[in-house]
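Shown next: start-v8.csv, containing CSV, C-alpha atoms.
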chain,number,residue,atom,x,y,z
Y,299,MET,CA,-82.2,128.8,127.2
Y,300,SER,CA,-82.6,125.0,127.1
Y,301,ASN,CA,-80.3,122.7,128.9
Y,302,TYR,CA,-77.9,120.6,126.7
Y,303,VAL,CA,-77.3,117.2,128.2
Y,304,ILE,CA,-74.8,114.8,126.7
Y,305,ASN,CA,-74.8,111.2,127.9
Y,306,HIS,CA,-71.8,109.1,128.4
Y,307,LEU,CA,-72.1,107.3,125.1
Y,308,LYS,CA,-72.1,110.6,123.2
Y,309,GLU,CA,-69.1,111.7,125.3
Y,310,LEU,CA,-67.2,108.5,124.2
Y,311,GLU,CA,-68.3,109.0,120.6
Y,312,SER,CA,-67.0,112.6,120.6
Y,313,GLU,CA,-63.7,111.5,122.1
Y,314,ALA,CA,-63.3,108.7,119.6
Y,315,ILE,CA,-64.1,111.0,116.6
Y,316,PHE,CA,-61.7,113.6,117.9
Y,317,VAL,CA,-58.9,111.0,118.0
Y,318,ILE,CA,-59.8,109.7,114.5
Y,319,ARG,CA,-59.6,113.2,113.1
Y,320,GLU,CA,-56.3,113.8,114.9
Y,321,ILE,CA,-55.0,110.7,113.1
Y,322,ALA,CA,-56.0,112.0,109.8
Y,323,ALA,CA,-54.4,115.4,110.6
Y,324,GLN,CA,-51.1,114.1,112.0
Y,325,PHE,CA,-50.2,111.2,109.7
Y,326,GLU,CA,-49.7,110.7,106.0
Y,327,ASN,CA,-50.8,107.1,105.5
Y,328,PRO,CA,-53.2,106.0,108.2
Y,329,VAL,CA,-55.3,102.8,108.0
Y,330,LEU,CA,-58.0,101.2,110.0
Y,331,LEU,CA,-57.3,97.6,111.1
Y,332,PHE,CA,-60.5,95.7,110.5
Y,333,SER,CA,-61.0,92.2,111.9
Y,334,GLY,CA,-64.7,91.9,111.3
Y,335,GLY,CA,-65.4,91.9,115.1
Y,336,LYS,CA,-67.8,94.2,116.8
Y,337,ASP,CA,-65.1,96.7,117.9
Y,338,SER,CA,-63.6,97.2,114.5
Y,339,ILE,CA,-67.1,97.5,113.0
Y,340,LEU,CA,-68.0,100.2,115.6
Y,341,LEU,CA,-64.7,101.9,114.9
Y,342,THR,CA,-65.5,101.9,111.2
Y,343,HIS,CA,-68.9,103.4,112.0
Y,344,LEU,CA,-67.2,106.2,114.0
Y,345,ALA,CA,-64.8,106.9,111.2
Y,346,LYS,CA,-67.7,107.2,108.8
Y,347,LYS,CA,-69.3,109.8,111.1
Y,348,ALA,CA,-66.0,111.6,111.6
Y,349,PHE,CA,-65.8,112.5,107.9
Y,350,PHE,CA,-69.4,112.4,106.8
Y,351,PRO,CA,-70.6,113.3,104.1
Y,352,ALA,CA,-67.2,112.5,102.6
Y,353,LYS,CA,-66.1,108.8,102.5
Y,354,ILE,CA,-63.6,107.4,105.0
Y,355,PRO,CA,-60.3,108.8,103.7
Y,356,PHE,CA,-58.1,105.9,104.5
Y,357,PRO,CA,-58.2,102.1,103.6
Y,358,LEU,CA,-59.2,99.2,105.8
Y,359,ILE,CA,-56.7,96.5,106.4
Y,360,HIS,CA,-57.8,92.9,107.2
Y,361,ILE,CA,-55.3,90.2,108.0
Y,362,ASP,CA,-56.8,87.0,106.6
Y,363,THR,CA,-55.6,84.0,108.4
Y,364,GLY,CA,-57.6,81.6,106.2
Y,365,HIS,CA,-59.2,80.3,109.4
Y,366,ASN,CA,-61.9,83.0,109.6
Y,367,PHE,CA,-65.6,82.4,110.2
Y,368,PRO,CA,-67.3,82.5,106.8
Y,369,GLU,CA,-69.8,84.9,108.3
Y,370,THR,CA,-67.0,87.4,109.1
Y,371,ILE,CA,-65.6,87.4,105.5
Y,372,ALA,CA,-69.1,87.8,104.0
Y,373,PHE,CA,-69.9,90.7,106.4
Y,374,ARG,CA,-66.5,92.4,105.6
Y,375,ASP,CA,-67.1,92.3,101.9
Y,376,GLU,CA,-70.7,93.7,102.1
Y,377,LEU,CA,-69.6,96.5,104.4
Y,378,VAL,CA,-66.7,97.6,102.3
Y,379,GLU,CA,-68.9,97.7,99.2
Y,380,LYS,CA,-71.6,99.7,101.0
Y,381,LEU,CA,-69.1,102.2,102.3
Y,382,GLY,CA,-67.1,102.5,99.1
Y,383,VAL,CA,-63.8,102.2,101.0
Y,384,LYS,CA,-60.6,100.5,99.9
Y,385,LEU,CA,-59.8,97.2,101.4
Y,386,ILE,CA,-56.3,95.8,101.8
Y,387,VAL,CA,-56.0,92.1,102.6
Y,388,GLY,CA,-52.8,90.6,104.1
Y,389,SER,CA,-52.7,86.9,103.8
Y,390,VAL,CA,-51.2,84.5,106.4
Y,391,GLN,CA,-51.3,81.7,103.9
Y,392,GLU,CA,-49.2,83.7,101.6
Y,393,ALA,CA,-46.7,84.4,104.4
Y,394,ILE,CA,-46.5,80.6,105.1
Y,395,ASP,CA,-46.1,79.8,101.3
Y,396,LYS,CA,-43.2,82.3,101.1
Y,397,GLY,CA,-41.5,80.9,104.2
Y,398,ARG,CA,-42.1,84.1,106.2
Y,399,ALA,CA,-44.2,82.2,108.8
Y,400,LYS,CA,-44.2,78.6,110.0
Y,401,GLU,CA,-47.5,76.7,110.4
Y,402,GLU,CA,-48.0,75.2,113.9
Y,403,THR,CA,-48.7,71.5,114.1
Y,404,GLY,CA,-50.8,69.4,116.5
Y,405,ALA,CA,-54.4,69.4,117.7
Y,406,ASP,CA,-54.1,72.9,119.2
Y,407,ALA,CA,-52.3,74.5,116.3
Y,408,SER,CA,-53.3,78.1,115.7
Y,409,ARG,CA,-52.5,80.8,113.1
Y,410,ASN,CA,-53.2,83.6,115.6
Y,411,SER,CA,-49.6,84.6,116.3
Y,412,LEU,CA,-48.7,84.1,112.6
Y,413,GLN,CA,-50.8,87.2,111.9
Y,414,ILE,CA,-47.9,89.3,113.2
Y,415,VAL,CA,-45.7,88.6,110.2
Y,416,SER,CA,-48.5,89.3,107.7
Y,417,LEU,CA,-49.6,92.5,109.6
Y,418,LEU,CA,-46.0,93.9,109.8
Y,419,ASP,CA,-45.3,93.1,106.1
Y,420,THR,CA,-48.6,94.7,105.0
Y,421,LEU,CA,-47.9,97.9,107.1
Y,422,GLU,CA,-44.4,98.1,105.6
Y,423,ASP,CA,-45.6,97.4,102.0
Y,424,TYR,CA,-48.1,100.3,102.2
Y,425,LYS,CA,-45.8,102.6,104.2
Y,426,VAL,CA,-48.4,102.9,106.9
Y,427,ASP,CA,-47.5,105.4,109.6
Y,428,ALA,CA,-50.6,105.0,111.8
Y,429,ALA,CA,-52.7,101.9,112.2
Y,430,MET,CA,-55.8,102.4,114.3
Y,431,GLY,CA,-57.5,99.5,116.0
Y,432,GLY,CA,-60.6,98.7,118.0
Y,433,ALA,CA,-58.8,97.5,121.1
Y,434,ARG,CA,-60.2,98.6,124.5
Y,435,ARG,CA,-58.5,98.9,127.9
Y,436,ASP,CA,-61.1,96.8,129.6
Y,437,GLU,CA,-60.5,93.8,127.4
Y,438,GLU,CA,-57.2,92.5,128.7
Y,439,LYS,CA,-54.4,93.7,131.0
Y,440,ALA,CA,-51.8,94.2,128.2
Y,441,ARG,CA,-54.3,96.4,126.3
Y,442,ALA,CA,-54.9,98.4,129.5
Y,443,LYS,CA,-51.3,99.6,129.2
Y,444,GLU,CA,-51.8,101.1,125.7
Y,445,ARG,CA,-52.0,104.9,125.2
Y,446,PHE,CA,-54.3,106.3,122.6
Y,447,PHE,CA,-51.2,107.0,120.4
Y,448,SER,CA,-48.9,103.9,121.0
Y,449,HIS,CA,-45.5,104.1,119.5
Y,450,ARG,CA,-43.9,101.2,117.6
Y,451,ASP,CA,-40.2,101.0,116.6
Y,452,GLU,CA,-38.8,100.4,113.2
Y,453,PHE,CA,-39.4,96.6,113.7
Y,454,GLY,CA,-43.1,97.2,114.6
Y,455,GLN,CA,-42.4,96.2,118.2
Y,456,TRP,CA,-44.0,97.7,121.3
Y,457,ASP,CA,-42.2,98.7,124.5
Y,458,PRO,CA,-44.9,99.2,127.2
Y,459,LYS,CA,-42.3,100.8,129.5
Y,460,ASN,CA,-41.3,103.5,127.0
Y,461,GLN,CA,-44.4,105.3,126.0
Y,462,ARG,CA,-45.1,109.0,125.7
Y,463,PRO,CA,-47.2,110.7,128.3
Y,464,GLU,CA,-50.6,111.9,127.1
Y,465,LEU,CA,-51.7,115.0,128.9
Y,466,TRP,CA,-55.4,116.0,128.5
Y,467,ASN,CA,-56.1,115.5,124.8
Y,468,LEU,CA,-52.6,116.3,123.5
Y,469,PHE,CA,-51.4,113.4,121.3
Y,470,ASN,CA,-47.8,113.2,120.2
Y,471,GLY,CA,-47.4,111.5,116.8
Y,472,ARG,CA,-43.8,112.4,116.2
Y,473,LYS,CA,-41.7,109.4,115.0
Y,474,ASN,CA,-38.5,108.6,113.2
Y,475,TYR,CA,-38.3,107.1,109.7
Y,476,GLY,CA,-39.6,103.6,109.6
Y,477,GLU,CA,-41.5,103.8,112.9
Y,478,HIS,CA,-45.3,103.9,113.2
Y,479,PHE,CA,-48.1,104.3,115.7
Y,480,ARG,CA,-50.9,102.1,116.7
Y,481,VAL,CA,-53.9,104.3,117.7
Y,482,PHE,CA,-56.9,103.2,119.8
Y,483,PRO,CA,-59.8,105.7,119.5
Y,484,ILE,CA,-62.1,103.5,121.6
Y,485,SER,CA,-59.7,102.7,124.5
Y,486,ASN,CA,-62.0,104.1,127.1
Y,487,TRP,CA,-65.0,102.1,126.1
Y,488,THR,CA,-66.2,99.1,128.0
Y,489,GLU,CA,-67.9,96.0,126.5
Y,490,MET,CA,-71.2,97.3,127.8
Y,491,ASP,CA,-70.6,100.8,126.2
Y,492,VAL,CA,-70.0,99.0,122.8
Y,493,TRP,CA,-73.2,97.1,123.0
Y,494,GLU,CA,-75.3,100.0,124.1
Y,495,TYR,CA,-73.8,102.2,121.3
Y,496,ILE,CA,-74.5,99.5,118.7
Y,497,LYS,CA,-78.1,99.5,119.9
Y,498,LEU,CA,-78.3,103.3,119.9
Y,499,GLU,CA,-76.9,103.6,116.4
Y,500,ASN,CA,-78.5,100.5,115.0
Y,501,ILE,CA,-75.2,99.1,113.7
Y,502,ASP,CA,-75.3,95.9,111.7
Y,503,LEU,CA,-73.2,92.9,113.0
Y,504,PRO,CA,-72.3,89.5,111.8
Y,505,SER,CA,-74.8,86.8,112.8
Y,506,LEU,CA,-72.1,85.2,115.0
Y,507,TYR,CA,-72.9,87.6,117.8
Y,508,PHE,CA,-76.5,86.5,118.1
Y,509,SER,CA,-77.7,83.2,119.5
Y,510,HIS,CA,-77.7,80.4,116.9
Y,511,GLN,CA,-77.4,76.6,116.6
Y,512,ARG,CA,-73.9,75.3,115.8
Y,513,ASP,CA,-71.9,72.1,115.8
Y,514,CYS,CA,-69.2,72.6,118.5
Y,515,VAL,CA,-66.4,70.9,120.3
Y,516,VAL,CA,-65.8,71.5,124.0
Y,517,ARG,CA,-62.0,71.6,124.7
Y,518,ASP,CA,-60.6,72.4,128.1
Y,519,GLY,CA,-63.8,74.2,129.0
Y,520,VAL,CA,-63.8,76.3,125.8
Y,521,ILE,CA,-66.6,75.9,123.3
Y,522,LEU,CA,-65.1,75.9,119.8
Y,523,ALA,CA,-66.9,75.8,116.5
Y,524,ASN,CA,-66.4,72.5,114.7
Y,525,SER,CA,-64.7,73.1,111.4
Y,526,GLU,CA,-62.2,71.7,109.0
Y,527,PHE,CA,-59.6,73.5,111.1
Y,528,ILE,CA,-60.3,71.5,114.2
Y,529,LYS,CA,-58.6,68.1,114.8
Y,530,LEU,CA,-60.6,66.2,117.3
Y,531,LYS,CA,-58.7,64.7,120.2
Y,532,GLU,CA,-59.4,61.3,121.7
Y,533,LYS,CA,-62.8,61.2,123.5
Y,534,GLU,CA,-63.8,64.6,122.0
Y,535,GLU,CA,-67.1,64.6,120.2
Y,536,VAL,CA,-69.1,67.1,118.1
Y,537,VAL,CA,-72.3,68.4,119.8
Y,538,ASN,CA,-74.9,70.7,118.6
Y,539,MET,CA,-75.3,73.7,120.9
Y,540,THR,CA,-77.1,77.0,121.2
Y,541,ILE,CA,-74.3,79.6,121.4
Y,542,ARG,CA,-73.2,83.1,120.5
Y,543,TYR,CA,-69.8,84.9,120.4
Y,544,ARG,CA,-68.6,87.8,122.5
Y,545,THR,CA,-65.4,88.2,120.5
Y,546,CYS,CA,-64.5,87.3,116.9
Y,547,GLY,CA,-61.2,85.7,115.9
Y,548,ASP,CA,-60.2,82.5,114.2
Y,549,MET,CA,-62.5,79.5,114.3
Y,550,PRO,CA,-60.0,77.2,116.2
Y,551,ILE,CA,-59.4,79.7,119.0
Y,552,THR,CA,-62.5,81.7,119.6
Y,553,GLY,CA,-64.6,80.4,122.4
Y,554,ALA,CA,-68.4,80.8,122.3
Y,555,VAL,CA,-70.9,81.1,125.2
Y,556,GLU,CA,-74.1,79.1,125.6
Y,557,SER,CA,-76.8,81.7,125.2
Y,558,GLU,CA,-80.3,82.4,124.2
Y,559,ALA,CA,-79.6,86.1,123.5
Y,560,ASP,CA,-80.8,86.6,119.9
Y,561,ASN,CA,-81.2,90.3,119.9
Y,562,LEU,CA,-79.4,93.4,121.3
Y,563,GLU,CA,-81.7,93.8,124.3
Y,564,LYS,CA,-81.1,90.3,125.5
Y,565,ILE,CA,-77.3,90.6,124.8
Y,566,ILE,CA,-77.1,93.8,126.9
Y,567,GLU,CA,-79.1,92.1,129.7
Y,568,GLU,CA,-76.7,89.1,129.5
Y,569,ILE,CA,-73.6,91.2,129.6
Y,570,ALA,CA,-74.9,93.1,132.6
Y,571,THR,CA,-75.3,89.9,134.7
Y,572,THR,CA,-72.4,87.6,133.5
Y,573,ARG,CA,-69.4,87.0,135.6
Y,574,THR,CA,-67.3,85.7,132.7
Y,575,THR,CA,-64.8,88.0,131.2
Y,576,GLU,CA,-65.2,89.0,127.5
Y,577,ARG,CA,-62.0,87.1,126.4
Y,578,GLY,CA,-62.5,84.3,128.9
Y,579,GLY,CA,-63.2,82.0,126.1
Y,580,ARG,CA,-60.2,82.8,123.9
Y,581,ALA,CA,-57.9,79.9,123.7
Y,582,ASP,CA,-55.1,82.2,122.4
Y,583,ASP,CA,-55.1,84.1,125.7
Y,584,LYS,CA,-54.8,80.9,127.8
Y,585,ARG,CA,-51.4,79.8,126.4
Y,586,ALA,CA,-49.6,81.9,129.0
Y,587,GLU,CA,-50.2,84.6,131.7
Y,588,THR,CA,-48.5,87.1,129.4
Y,589,ALA,CA,-49.7,85.7,126.1
Y,590,MET,CA,-51.3,89.0,124.8
Y,591,GLU,CA,-48.4,91.2,126.0
Y,592,ASP,CA,-45.8,88.9,124.5
Y,593,ARG,CA,-47.7,89.0,121.1
Y,594,LYS,CA,-48.1,92.7,121.2
Y,595,LYS,CA,-44.4,93.3,121.9
Y,596,GLN,CA,-43.7,91.4,118.7
Y,597,GLY,CA,-46.1,93.6,116.7
Y,598,TYR,CA,-49.5,92.0,117.2
Y,599,PHE,CA,-52.7,94.1,117.1
Would you write the structure of this file as structure tokens?
Amino acid sequence: MSNYVINHLKELESEAIFVIREIAAQFENPVLLFSGGKDSILLTHLAKKAFFPAKIPFPLIHIDTGHNFPETIAFRDELVEKLGVKLIVGSVQEAIDKGRAKEETGADASRNSLQIVSLLDTLEDYKVDAAMGGARRDEEKARAKERFFSHRDEFGQWDPKNQRPELWNLFNGRKNYGEHFRVFPISNWTEMDVWEYIKLENIDLPSLYFSHQRDCVVRDGVILANSEFIKLKEKEEVVNMTIRYRTCGDMPITGAVESEADNLEKIIEEIATTRTTERGGRADDKRAETAMEDRKKQGYF
């Protein structure tokens, strides 16, 4: 009798696939929230494995802020076509045009929090009762409070002090009319797990994650991509730098890191030795100590 050994990545994969299948079994209209970042790409890959050889049986939802990296949108469209899945796009610009959201002004204006309105509107329009996302507990302290099955009230809001216990692998998806759940199948993964699994499974990623030359603006210690969405402040200048991204959000808020890591082996080595947190370069997290939790309570991802 041969010994069957399963490593920690396959343990995490099995757990995530179990959660994804639980979502499909317990809910009527589940969706996968797709940002175009590495975590949602990994989650889509796991969803594909969970139902193979059938196609992913639920749509992907992307909230388009209009300030995305062009590489992200191109990658999204290619992936959706390759998988043959339905893509639903919620538009922040449309919410602004309808008066549902108000554009920020000033040099540090961001559309990050405006996604909440578009996200909640889209979930309501499509009667979504479970929206799974690629958030992980190790990313940020508010996300560390999330259960796998995280309840949202009829307004899409989150109460971190009123969540249901999750004992062993028993997930409670009961809800009242109008309420929904956010579900996080890769909660237990770390950033290193994600990169090692991407390498193991040879998962494609946008070029943003690999070292490249880019025109940048350094603002308050954060390296931002120069774009039409950046208004230069006095004494700021555009400099060409060799960078890559560890997270993927809007162009005006996503900080890059200087890096020569242009392949997965180098990235894993870099992650193993860095002392900078994964979201340490996110301008949206620097607005307040509780910035993420405040957004999540309102209905953010």
* Please indicate the distance in Å from CA of Thr540 in chain Y to CA of Glu576 in chain Y, rounded to one decimal place. =>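 Taking CA of Thr540 in chain Y as the start and CA of Glu576 in chain Y as the end point, the length is 18.0 Å.
Using all atoms listed in the file, the residues found no farther than 12 Å from Asp592 in chain Y, other than those of its own chain fewer than 5 positions away, are Ser411, Ile414, Lys439, Ala440, Arg441, Gln455, Trp456, Asp457, Pro458, Asp582, Asp583, Arg585, Ala586, Glu587, Gly597, Tyr598 and Phe599 of chain Y.
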* Of the candidates Y:Pro463, Y:Gly335, Y:Gly404, Y:Gly397, which one gets nearest to Phe527 in chain Y if we count all atoms listed in the file? ->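 For Phe527 in chain Y, the nearest of the candidates is Y:Gly404.
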* **Proximity to Val492 in chain Y - best of Y:Gly432, Y:Gly519, Y:Pro504, Y:Gly578, only C-alpha atoms** =>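 Among Y:Gly432, Y:Gly519, Y:Pro504, Y:Gly578, it is Y:Gly432 that comes nearest to Val492 in chain Y.
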* So how far away is CA of Thr370 in chain Y from CA of Phe447 in chain Y, in Å? ->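 Straight-line distance from CA of Phe447 in chain Y to CA of Thr370 in chain Y works out to 27.6 Å.
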* To do: For CA of Phe508 in chain Y and CA of Gly382 in chain Y, determine how far apart the two atoms are, in Å to one decimal place.
  =>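 Taking CA of Phe508 in chain Y as the start and CA of Gly382 in chain Y as the end point, the length is 26.6 Å.
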* For Thr571 in chain Y, please output as JSON, numbers by chain all residues within 12 Å (counting only C-alpha atoms; exclusion window: fewer than 6 positions along the same chain). => {"Y": [490, 564, 565]}
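The list of residues with at least one atom within 12 Å of Glu392 in chain Y, based on all atoms listed in the file and without residues fewer than 2 positions apart in the same chain, reads Y:Ile361, Y:Asp362, Y:Thr363, Y:Gly364, Y:Val387, Y:Gly388, Y:Ser389, Y:Val390, Y:Ile394, Y:Asp395, Y:Lys396, Y:Gly397, Y:Arg398, Y:Ala399, Y:Lys400, Y:Glu401, Y:Leu412, Y:Gln413, Y:Val415, Y:Ser416, Y:Leu417, Y:Asp419, Y:Thr420.
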* Using all atoms listed in the file, find the one residue out of Y:Glu313, Y:Glu556, Y:Glu489, Y:Glu499 that sits nearest to Leu522 in chain Y. =>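 Once distances to Leu522 in chain Y are computed over all atoms listed in the file, the minimum belongs to Y:Glu556.
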* To do: For a cut-off of 7 Å around (-66.9, 78.7, 109.9), file coordinates, pick out all residues using all atoms listed in the file and list them as a list in words.
  =>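 Residues with an atom close enough to that point: Asn366, Phe367, Pro368, Ser525 and Met549 of chain Y.
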* Taking the point (-67.0, 88.7, 128.7) as given in the file, collect each protein or nucleic acid residue that comes within 10 Å of it, counting all atoms listed in the file, and present the set as a PyMOL selection string. => chain Y and resi 437+489-490+543-545+555+568-570+572-579
* To do: Please provide the set of residues having any atom within 8 Å of Asp436 in chain Y, restricted to all atoms listed in the file, with same-chain residues fewer than 2 positions apart removed, written as a PyMOL selection string.
  => chain Y and resi 434+438-439+441-442+485-489
* To do: Could you check which of Y:Leu381, Y:Ala407, Y:Leu503, Y:Ile496 is closest to Phe350 in chain Y, using only C-alpha atoms?
  => Y:Leu381
